[in-house]
Amino acid sequence: MPSAPTSRPYRGVFPVAPTIFDDGGELDLDGQRRCIDFMIDAGSHGICILANFSEQFVLTDAERESVMHAVLEHVAGRVPVIVTTSHFSSAICAARSRQAEEAGAAMVMVMPPYHGATFRVAEKGVVEFFRILNGAIGIPIMIQDAPVAGTPLSVDLLARLAGEFENIRYFKIEVPMAAAKLRGLIEAGGKAIEGPWDGEEAITLMADLDAGATGAMTGGGYPDGIRKIIDPYFAGRRDEAKAAYARWLPLINYENRQCGLAAAKVLMREGGVIASDAVRHPLPALHPATRAGLIELARDLDALALRWGR
């Protein structure tokens with residue numbers, strides 16, 4: 001597959017890599033490397049690690065560092081890697097982000113101060129948080145506008161952050177009515193909005209592309225399928241993109257509504273990419289019937305994950 005430029009502005013398909021465990025729940029770094037190789041071979045323009053779909057919330061700090069270094073060293077510049085560094089503490093988020101930059105990350109992705117939906121910081125605190133982060137690193141910052149953070153981020157606030165802080169240039173929008181927010185953000189922020197990205201797991205991808213999205217951060221199970229939508233769209237072949245979107249939407253919807261973050265691992269295990277699709281307790285494994293439904297939909301589309309390792 002043709003690839004997007006590995007320099008800014010970053011565009012295209014930047015899926016979230018799952019964190020790979022063995023059946024006992026321990027990190028499987030060899031499996032992690034195979035996962036990354038598959039995602040690159042499947043057409044990922046870049047990769048995001050340690051995000052919510054990576055189960056970042058079940059990792060120790062030492063494990064986060066192990067995964068980050070293993071991935072960045074293995075990718076070795078083949079594609080840009082975004083490292084998620086979210087934390088409630090401004091100082092800890094800044095330190096994580098400096099560490100990611102020093103290790104070779106192309107960008108960091110950060111939610112506003114995050115520790116459950118009822119621990120919220122007022123707008124002044126959010127601005128100061130991003131001021132500290134902006135001053136700590138020299139690589140781009142992607143603000144993750146996610147319901148899980150519990151902190152509303154208005155279009156005006158996001159545009160203000162982009163206008164005031166030179167590193168805040170990318171925005172993953174994963175809230176309801178994402179297309180309308182993307183359109184408003186582009187209008188309000190102008191050239192400061194270097195990367196308005198779809199973050200709704202591609203369920204709203206066509207609407208978000210029509211609104212001006214230049215990137216998509218989806219699950220990691222089928223970058224090849226997302227490329228079939230994005231490539232023709234960016235080439236001006238909207239009808240071809242619409243047809244591909246219609247073909248892949250049942251799988252996209254099934255992942256989002258039935259499987260969540262387990263989907264990518266299930267597809268990768270089924271295709272021999274990784275040895276185990278384990279998620280960490282207390283997250284549950286997929287029900288066998290749900291697993292079968294996911295694989296059936298992916299097989300109908302000849303998703304690369306199901307044959308990459310065979």
# chains A, B, ... in the order shown; residues from 1 in each chain; ligands from 1
call {"tool": "residues_around", "arguments": {"residues": "region 246-255 of chain A", "least_positions_apart": "6", "cutoff": "7 Å", "atoms": "only C-alpha atoms", "output": "PyMOL selection string"}}
result
chain A and resi 202-203+225+263+294+297-298
call {"tool": "write_last_selection", "arguments": {"atoms": "N, CA and C atoms", "output": "mmCIF file, in the first residue's frame"}}
result
data_model
loop_
_atom_site.group_PDB
_atom_site.id
_atom_site.type_symbol
_atom_site.label_atom_id
_atom_site.label_comp_id
_atom_site.auth_asym_id
_atom_site.auth_seq_id
_atom_site.Cartn_x
_atom_site.Cartn_y
_atom_site.Cartn_z
ATOM 1 N N ALA A 202 -14.255 4.966 13.678
ATOM 2 C CA ALA A 202 -14.641 4.932 12.261
ATOM 3 C C ALA A 202 -16.139 4.754 12.035
ATOM 4 N N ILE A 203 -16.932 4.689 13.102
ATOM 5 C CA ILE A 203 -18.382 4.580 12.900
ATOM 6 C C ILE A 203 -18.909 5.809 12.150
ATOM 7 N N GLY A 225 -8.715 -2.278 6.114
ATOM 8 C CA GLY A 225 -10.085 -1.889 5.781
ATOM 9 C C GLY A 225 -10.296 -0.395 5.850
ATOM 10 N N ALA A 263 -11.475 -6.636 20.445
ATOM 11 C CA ALA A 263 -11.659 -7.067 19.059
ATOM 12 C C ALA A 263 -10.343 -7.249 18.320
ATOM 13 N N LEU A 294 -17.645 -11.761 15.323
ATOM 14 C CA LEU A 294 -16.604 -10.840 14.878
ATOM 15 C C LEU A 294 -15.757 -11.471 13.780
ATOM 16 N N LEU A 297 -17.593 -11.746 10.361
ATOM 17 C CA LEU A 297 -17.650 -10.497 9.615
ATOM 18 C C LEU A 297 -16.296 -10.150 9.004
ATOM 19 N N ALA A 298 -15.220 -10.367 9.779
ATOM 20 C CA ALA A 298 -13.884 -10.073 9.264
ATOM 21 C C ALA A 298 -13.508 -11.011 8.126
#
call {"tool": "residues_around", "arguments": {"residues": "Glu55 (chain A)", "least_positions_apart": "3", "cutoff": "8 Å", "atoms": "only C-alpha atoms", "output": "list in words"}}
result
Pro18, Thr19, Leu50, Ala51, Asn52, Val58, Leu59, Leu261 and Arg280 of chain A
call {"tool": "residues_around", "arguments": {"residues": "Glu201 (chain A)", "least_positions_apart": "2", "cutoff": "9 Å", "atoms": "only C-alpha atoms", "output": "list of chain:residue names"}}
result
A:Glu174, A:Asp198, A:Gly199, A:Ile203, A:Thr204, A:Leu205, A:Ala216, A:Met217, A:Thr218, A:Gly219, A:Ile252, A:Asn253, A:Glu255, A:Asn256
call {"tool": "write_last_selection", "arguments": {"atoms": "N, CA and C atoms", "output": "PDB file, in the first residue's frame"}}
result
ATOM      1  N   GLU A 174     -13.756  12.390  19.763  1.00  0.00           N
ATOM      2  CA  GLU A 174     -14.511  11.145  19.918  1.00  0.00           C
ATOM      3  C   GLU A 174     -15.756  11.347  20.777  1.00  0.00           C
ATOM      4  N   ASP A 198     -10.712  12.045  13.213  1.00  0.00           N
ATOM      5  CA  ASP A 198     -11.834  11.211  13.623  1.00  0.00           C
ATOM      6  C   ASP A 198     -11.392  10.296  14.754  1.00  0.00           C
ATOM      7  N   GLY A 199     -12.197  10.232  15.814  1.00  0.00           N
ATOM      8  CA  GLY A 199     -11.867   9.352  16.927  1.00  0.00           C
ATOM      9  C   GLY A 199     -13.016   8.474  17.345  1.00  0.00           C
ATOM     10  N   ILE A 203     -16.932   4.689  13.102  1.00  0.00           N
ATOM     11  CA  ILE A 203     -18.382   4.580  12.900  1.00  0.00           C
ATOM     12  C   ILE A 203     -18.909   5.809  12.150  1.00  0.00           C
ATOM     13  N   THR A 204     -18.356   6.970  12.446  1.00  0.00           N
ATOM     14  CA  THR A 204     -18.791   8.209  11.788  1.00  0.00           C
ATOM     15  C   THR A 204     -17.740   8.699  10.792  1.00  0.00           C
ATOM     16  N   LEU A 205     -16.942   7.787  10.255  1.00  0.00           N
ATOM     17  CA  LEU A 205     -15.790   8.195   9.457  1.00  0.00           C
ATOM     18  C   LEU A 205     -16.170   9.027   8.239  1.00  0.00           C
ATOM     19  N   ALA A 216      -7.564   9.295  11.067  1.00  0.00           N
ATOM     20  CA  ALA A 216      -8.503   8.440  11.788  1.00  0.00           C
ATOM     21  C   ALA A 216      -7.729   7.579  12.761  1.00  0.00           C
ATOM     22  N   MET A 217      -8.126   7.622  14.025  1.00  0.00           N
ATOM     23  CA  MET A 217      -7.523   6.767  15.034  1.00  0.00           C
ATOM     24  C   MET A 217      -8.557   5.737  15.438  1.00  0.00           C
ATOM     25  N   THR A 218      -8.388   4.531  14.916  1.00  0.00           N
ATOM     26  CA  THR A 218      -9.336   3.447  15.087  1.00  0.00           C
ATOM     27  C   THR A 218      -8.699   2.340  15.921  1.00  0.00           C
ATOM     28  N   GLY A 219      -9.422   1.234  16.071  1.00  0.00           N
ATOM     29  CA  GLY A 219      -8.823   0.050  16.649  1.00  0.00           C
ATOM     30  C   GLY A 219      -7.786  -0.531  15.698  1.00  0.00           C
ATOM     31  N   ILE A 252     -17.072  -2.595  11.626  1.00  0.00           N
ATOM     32  CA  ILE A 252     -16.754  -1.448  12.479  1.00  0.00           C
ATOM     33  C   ILE A 252     -17.769  -1.339  13.612  1.00  0.00           C
ATOM     34  N   ASN A 253     -19.037  -1.471  13.268  1.00  0.00           N
ATOM     35  CA  ASN A 253     -20.104  -1.359  14.254  1.00  0.00           C
ATOM     36  C   ASN A 253     -20.041  -2.510  15.261  1.00  0.00           C
ATOM     37  N   GLU A 255     -17.430  -4.261  16.163  1.00  0.00           N
ATOM     38  CA  GLU A 255     -16.306  -4.025  17.067  1.00  0.00           C
ATOM     39  C   GLU A 255     -16.696  -3.040  18.155  1.00  0.00           C
ATOM     40  N   ASN A 256     -17.280  -1.925  17.751  1.00  0.00           N
ATOM     41  CA  ASN A 256     -17.566  -0.845  18.687  1.00  0.00           C
ATOM     42  C   ASN A 256     -18.667  -1.211  19.671  1.00  0.00           C
TER      43      ASN A 256
END
call {"tool": "closest_residue", "arguments": {"among": "A:Ile230, A:Met142, A:Ala264, A:Leu283", "to": "Ala303 (chain A)", "atoms": "only C-alpha atoms"}}
result
A:Ala264
call {"tool": "select_by_dssp", "arguments": {"residues": "region 54-142 of chain A", "states": "strand (DSSP E or B)", "output": "list in words"}}
result
Val81, Ile82, Val83, Thr84, Met107, Val108, Met109, Val110, Ile141 and Met142 of chain A
call {"tool": "residues_around", "arguments": {"residues": "region 94-110 of chain A", "least_positions_apart": "4", "cutoff": "10 Å", "atoms": "only C-alpha atoms", "output": "JSON, numbers by chain"}}
result
{"A": [6, 7, 8, 10, 46, 47, 48, 49, 50, 51, 61, 64, 65, 68, 69, 71, 72, 73, 75, 76, 77, 79, 80, 81, 82, 83, 84, 85, 86, 87, 89, 90, 114, 129, 130, 132, 133, 134, 135, 136, 137, 138, 139, 140, 141, 142, 143, 144, 145, 167, 168, 170, 171, 172]}
call {"tool": "atom_distance", "arguments": {"atom1": "CA of Pro232 (chain A)", "atom2": "CA of Gly220 (chain A)"}}
result
20.2 Å
call {"tool": "residues_around", "arguments": {"residues": "region 266-273 of chain A", "least_positions_apart": "6", "cutoff": "8 Å", "atoms": "only C-alpha atoms", "output": "PDB file with N, CA and C atoms, in the first residue's frame"}}
result
ATOM      1  N   GLY A  31       5.131 -10.845  21.254  1.00  0.00           N
ATOM      2  CA  GLY A  31       3.825 -10.703  20.618  1.00  0.00           C
ATOM      3  C   GLY A  31       3.519  -9.259  20.279  1.00  0.00           C
ATOM      4  N   ARG A  34       5.207  -8.434  17.046  1.00  0.00           N
ATOM      5  CA  ARG A  34       4.483  -9.014  15.901  1.00  0.00           C
ATOM      6  C   ARG A  34       3.209  -8.230  15.616  1.00  0.00           C
ATOM      7  N   CYS A  35       2.537  -7.821  16.655  1.00  0.00           N
ATOM      8  CA  CYS A  35       1.346  -6.979  16.496  1.00  0.00           C
ATOM      9  C   CYS A  35       1.688  -5.715  15.720  1.00  0.00           C
ATOM     10  N   PHE A  38       2.401  -6.476  12.032  1.00  0.00           N
ATOM     11  CA  PHE A  38       1.143  -6.666  11.308  1.00  0.00           C
ATOM     12  C   PHE A  38       0.483  -5.329  11.003  1.00  0.00           C
ATOM     13  N   GLY A 221      -7.300  -3.705  14.584  1.00  0.00           N
ATOM     14  CA  GLY A 221      -7.550  -5.000  13.972  1.00  0.00           C
ATOM     15  C   GLY A 221      -7.599  -5.028  12.462  1.00  0.00           C
ATOM     16  N   ARG A 291     -17.350 -13.620  19.834  1.00  0.00           N
ATOM     17  CA  ARG A 291     -16.081 -13.831  19.136  1.00  0.00           C
ATOM     18  C   ARG A 291     -16.313 -14.401  17.738  1.00  0.00           C
ATOM     19  N   LEU A 294     -17.645 -11.761  15.323  1.00  0.00           N
ATOM     20  CA  LEU A 294     -16.604 -10.840  14.878  1.00  0.00           C
ATOM     21  C   LEU A 294     -15.757 -11.471  13.780  1.00  0.00           C
ATOM     22  N   ILE A 295     -15.329 -12.700  14.002  1.00  0.00           N
ATOM     23  CA  ILE A 295     -14.472 -13.370  13.031  1.00  0.00           C
ATOM     24  C   ILE A 295     -15.214 -13.607  11.723  1.00  0.00           C
ATOM     25  N   ALA A 298     -15.220 -10.367   9.779  1.00  0.00           N
ATOM     26  CA  ALA A 298     -13.884 -10.073   9.264  1.00  0.00           C
ATOM     27  C   ALA A 298     -13.508 -11.011   8.126  1.00  0.00           C
ATOM     28  N   ALA A 305      -5.751  -9.409   8.984  1.00  0.00           N
ATOM     29  CA  ALA A 305      -5.420  -9.976  10.295  1.00  0.00           C
ATOM     30  C   ALA A 305      -5.656 -11.486  10.357  1.00  0.00           C
ATOM     31  N   LEU A 306      -6.631 -11.975   9.609  1.00  0.00           N
ATOM     32  CA  LEU A 306      -6.990 -13.385   9.683  1.00  0.00           C
ATOM     33  C   LEU A 306      -6.057 -14.282   8.878  1.00  0.00           C
ATOM     34  N   ARG A 307      -5.144 -13.722   8.109  1.00  0.00           N
ATOM     35  CA  ARG A 307      -4.225 -14.550   7.312  1.00  0.00           C
ATOM     36  C   ARG A 307      -2.780 -14.095   7.402  1.00  0.00           C
ATOM     37  N   TRP A 308      -2.500 -12.988   8.097  1.00  0.00           N
ATOM     38  CA  TRP A 308      -1.143 -12.446   8.139  1.00  0.00           C
ATOM     39  C   TRP A 308      -0.133 -13.436   8.735  1.00  0.00           C
ATOM     40  N   GLY A 309      -0.532 -14.141   9.780  1.00  0.00           N
ATOM     41  CA  GLY A 309       0.404 -15.012  10.467  1.00  0.00           C
ATOM     42  C   GLY A 309       0.295 -16.466  10.072  1.00  0.00           C
ATOM     43  N   ARG A 310      -0.513 -16.766   9.070  1.00  0.00           N
ATOM     44  CA  ARG A 310      -0.728 -18.168   8.684  1.00  0.00           C
ATOM     45  C   ARG A 310       0.214 -18.612   7.567  1.00  0.00           C
TER      46      ARG A 310
END
call {"tool": "select_by_dssp", "arguments": {"residues": "region 4-247 of chain A", "states": "helix (DSSP H, G or I)", "output": "number ranges by chain"}}
result
A: 29-41, 52-54, 56-58, 61-75, 90-103, 123-136, 147-149, 155-164, 178-192, 205-210, 223-234, 238-247
call {"tool": "write_last_selection", "arguments": {"atoms": "C-alpha atoms", "output": "mmCIF file, in the first residue's frame"}}
result
data_model
loop_
_atom_site.group_PDB
_atom_site.id
_atom_site.type_symbol
_atom_site.label_atom_id
_atom_site.label_comp_id
_atom_site.auth_asym_id
_atom_site.auth_seq_id
_atom_site.Cartn_x
_atom_site.Cartn_y
_atom_site.Cartn_z
ATOM 1 C CA LEU A 29 6.761 -8.179 24.207
ATOM 2 C CA ASP A 30 7.539 -10.586 21.368
ATOM 3 C CA GLY A 31 3.825 -10.703 20.618
ATOM 4 C CA GLN A 32 3.742 -6.914 20.889
ATOM 5 C CA ARG A 33 6.397 -6.651 18.191
ATOM 6 C CA ARG A 34 4.483 -9.014 15.901
ATOM 7 C CA CYS A 35 1.346 -6.979 16.496
ATOM 8 C CA ILE A 36 3.177 -3.837 15.413
ATOM 9 C CA ASP A 37 4.626 -5.539 12.308
ATOM 10 C CA PHE A 38 1.143 -6.666 11.308
ATOM 11 C CA MET A 39 -0.300 -3.186 11.796
ATOM 12 C CA ILE A 40 2.390 -1.662 9.610
ATOM 13 C CA ASP A 41 1.977 -4.341 6.935
ATOM 14 C CA ASN A 52 -7.435 3.454 26.425
ATOM 15 C CA PHE A 53 -7.911 0.790 23.729
ATOM 16 C CA SER A 54 -4.409 -0.377 24.723
ATOM 17 C CA GLN A 56 -3.325 1.657 29.587
ATOM 18 C CA PHE A 57 -5.336 1.706 32.797
ATOM 19 C CA VAL A 58 -4.247 -1.830 33.783
ATOM 20 C CA ASP A 61 4.368 2.563 35.228
ATOM 21 C CA ALA A 62 7.219 0.120 34.659
ATOM 22 C CA GLU A 63 5.113 -1.859 32.191
ATOM 23 C CA ARG A 64 4.184 1.314 30.330
ATOM 24 C CA GLU A 65 7.877 2.080 29.913
ATOM 25 C CA SER A 66 8.615 -1.474 28.764
ATOM 26 C CA VAL A 67 5.920 -1.357 26.102
ATOM 27 C CA MET A 68 6.904 2.132 24.947
ATOM 28 C CA HIS A 69 10.574 1.310 24.542
ATOM 29 C CA ALA A 70 9.896 -2.078 22.935
ATOM 30 C CA VAL A 71 7.572 -0.541 20.339
ATOM 31 C CA LEU A 72 9.643 2.530 19.538
ATOM 32 C CA GLU A 73 12.829 0.514 19.194
ATOM 33 C CA HIS A 74 11.106 -2.087 17.016
ATOM 34 C CA VAL A 75 9.374 0.434 14.755
ATOM 35 C CA SER A 90 0.483 18.141 35.243
ATOM 36 C CA ALA A 91 4.003 17.233 36.389
ATOM 37 C CA ILE A 92 3.611 13.508 35.786
ATOM 38 C CA CYS A 93 2.022 14.044 32.368
ATOM 39 C CA ALA A 94 4.887 16.387 31.437
ATOM 40 C CA ALA A 95 7.483 13.877 32.671
ATOM 41 C CA ARG A 96 5.859 11.014 30.768
ATOM 42 C CA SER A 97 5.763 13.178 27.656
ATOM 43 C CA ARG A 98 9.442 14.160 27.936
ATOM 44 C CA GLN A 99 10.321 10.502 28.313
ATOM 45 C CA ALA A 100 8.275 9.642 25.204
ATOM 46 C CA GLU A 101 9.935 12.391 23.186
ATOM 47 C CA GLU A 102 13.407 11.257 24.274
ATOM 48 C CA ALA A 103 12.557 7.683 23.292
ATOM 49 C CA GLU A 123 -11.166 25.643 32.460
ATOM 50 C CA LYS A 124 -8.397 27.735 34.008
ATOM 51 C CA GLY A 125 -6.771 24.574 35.335
ATOM 52 C CA VAL A 126 -7.098 22.837 31.964
ATOM 53 C CA VAL A 127 -5.338 25.738 30.253
ATOM 54 C CA GLU A 128 -2.545 25.717 32.840
ATOM 55 C CA PHE A 129 -2.196 21.947 32.491
ATOM 56 C CA PHE A 130 -1.621 22.257 28.748
ATOM 57 C CA ARG A 131 0.652 25.274 29.257
ATOM 58 C CA ILE A 132 2.937 23.124 31.412
ATOM 59 C CA LEU A 133 2.808 20.243 28.941
ATOM 60 C CA ASN A 134 3.479 22.505 25.964
ATOM 61 C CA GLY A 135 6.566 23.920 27.673
ATOM 62 C CA ALA A 136 7.934 20.492 28.527
ATOM 63 C CA PRO A 147 -16.198 11.286 27.063
ATOM 64 C CA VAL A 148 -14.220 9.080 29.471
ATOM 65 C CA ALA A 149 -12.240 12.116 30.636
ATOM 66 C CA VAL A 155 -14.679 24.297 20.396
ATOM 67 C CA ASP A 156 -13.686 27.738 21.650
ATOM 68 C CA LEU A 157 -11.407 26.273 24.322
ATOM 69 C CA LEU A 158 -9.728 23.868 21.897
ATOM 70 C CA ALA A 159 -9.185 26.647 19.368
ATOM 71 C CA ARG A 160 -7.788 28.855 22.142
ATOM 72 C CA LEU A 161 -5.313 26.149 23.197
ATOM 73 C CA ALA A 162 -4.145 25.745 19.602
ATOM 74 C CA GLY A 163 -3.798 29.495 19.251
ATOM 75 C CA GLU A 164 -1.796 29.974 22.454
ATOM 76 C CA ALA A 178 -17.979 14.553 16.166
ATOM 77 C CA ALA A 179 -18.410 15.859 12.610
ATOM 78 C CA ALA A 180 -20.059 19.055 13.789
ATOM 79 C CA LYS A 181 -17.322 19.599 16.354
ATOM 80 C CA LEU A 182 -14.585 18.956 13.800
ATOM 81 C CA ARG A 183 -16.151 21.420 11.400
ATOM 82 C CA GLY A 184 -16.492 24.050 14.119
ATOM 83 C CA LEU A 185 -12.922 23.504 15.313
ATOM 84 C CA ILE A 186 -11.487 23.924 11.817
ATOM 85 C CA GLU A 187 -13.473 27.119 11.343
ATOM 86 C CA ALA A 188 -12.512 28.543 14.748
ATOM 87 C CA GLY A 189 -8.857 27.501 14.803
ATOM 88 C CA GLY A 190 -7.844 27.989 11.179
ATOM 89 C CA LYS A 191 -4.254 27.065 10.329
ATOM 90 C CA ALA A 192 -3.465 26.210 13.951
ATOM 91 C CA LEU A 205 -15.790 8.195 9.457
ATOM 92 C CA MET A 206 -17.515 9.409 6.287
ATOM 93 C CA ALA A 207 -19.260 12.264 8.071
ATOM 94 C CA ASP A 208 -16.016 13.204 9.793
ATOM 95 C CA LEU A 209 -14.062 13.162 6.541
ATOM 96 C CA ASP A 210 -16.712 15.361 4.969
ATOM 97 C CA PRO A 223 -6.076 -0.898 9.201
ATOM 98 C CA ASP A 224 -6.326 -2.400 5.713
ATOM 99 C CA GLY A 225 -10.085 -1.889 5.781
ATOM 100 C CA ILE A 226 -9.873 1.703 6.972
ATOM 101 C CA ARG A 227 -7.338 2.411 4.221
ATOM 102 C CA LYS A 228 -9.913 1.218 1.665
ATOM 103 C CA ILE A 229 -12.139 4.085 2.809
ATOM 104 C CA ILE A 230 -9.606 6.830 3.402
ATOM 105 C CA ASP A 231 -7.384 6.320 0.357
ATOM 106 C CA PRO A 232 -10.072 6.854 -2.273
ATOM 107 C CA TYR A 233 -11.617 9.674 -0.250
ATOM 108 C CA PHE A 234 -8.381 11.653 -0.172
ATOM 109 C CA ARG A 238 -15.878 9.814 -2.860
ATOM 110 C CA ASP A 239 -18.238 7.234 -4.363
ATOM 111 C CA GLU A 240 -15.570 4.538 -4.019
ATOM 112 C CA ALA A 241 -14.974 5.608 -0.418
ATOM 113 C CA LYS A 242 -18.710 5.465 0.313
ATOM 114 C CA ALA A 243 -18.953 1.965 -1.115
ATOM 115 C CA ALA A 244 -15.999 0.775 0.962
ATOM 116 C CA TYR A 245 -17.475 2.410 4.049
ATOM 117 C CA ALA A 246 -20.738 0.555 3.459
ATOM 118 C CA ARG A 247 -18.866 -2.768 3.142
#
call {"tool": "atom_distance", "arguments": {"atom1": "CA of Pro288 (chain A)", "atom2": "CA of Ala262 (chain A)"}}
result
12.4 Å
call {"tool": "atom_distance", "arguments": {"atom1": "CA of Arg78 (chain A)", "atom2": "CA of Val13 (chain A)"}}
result
14.3 Å
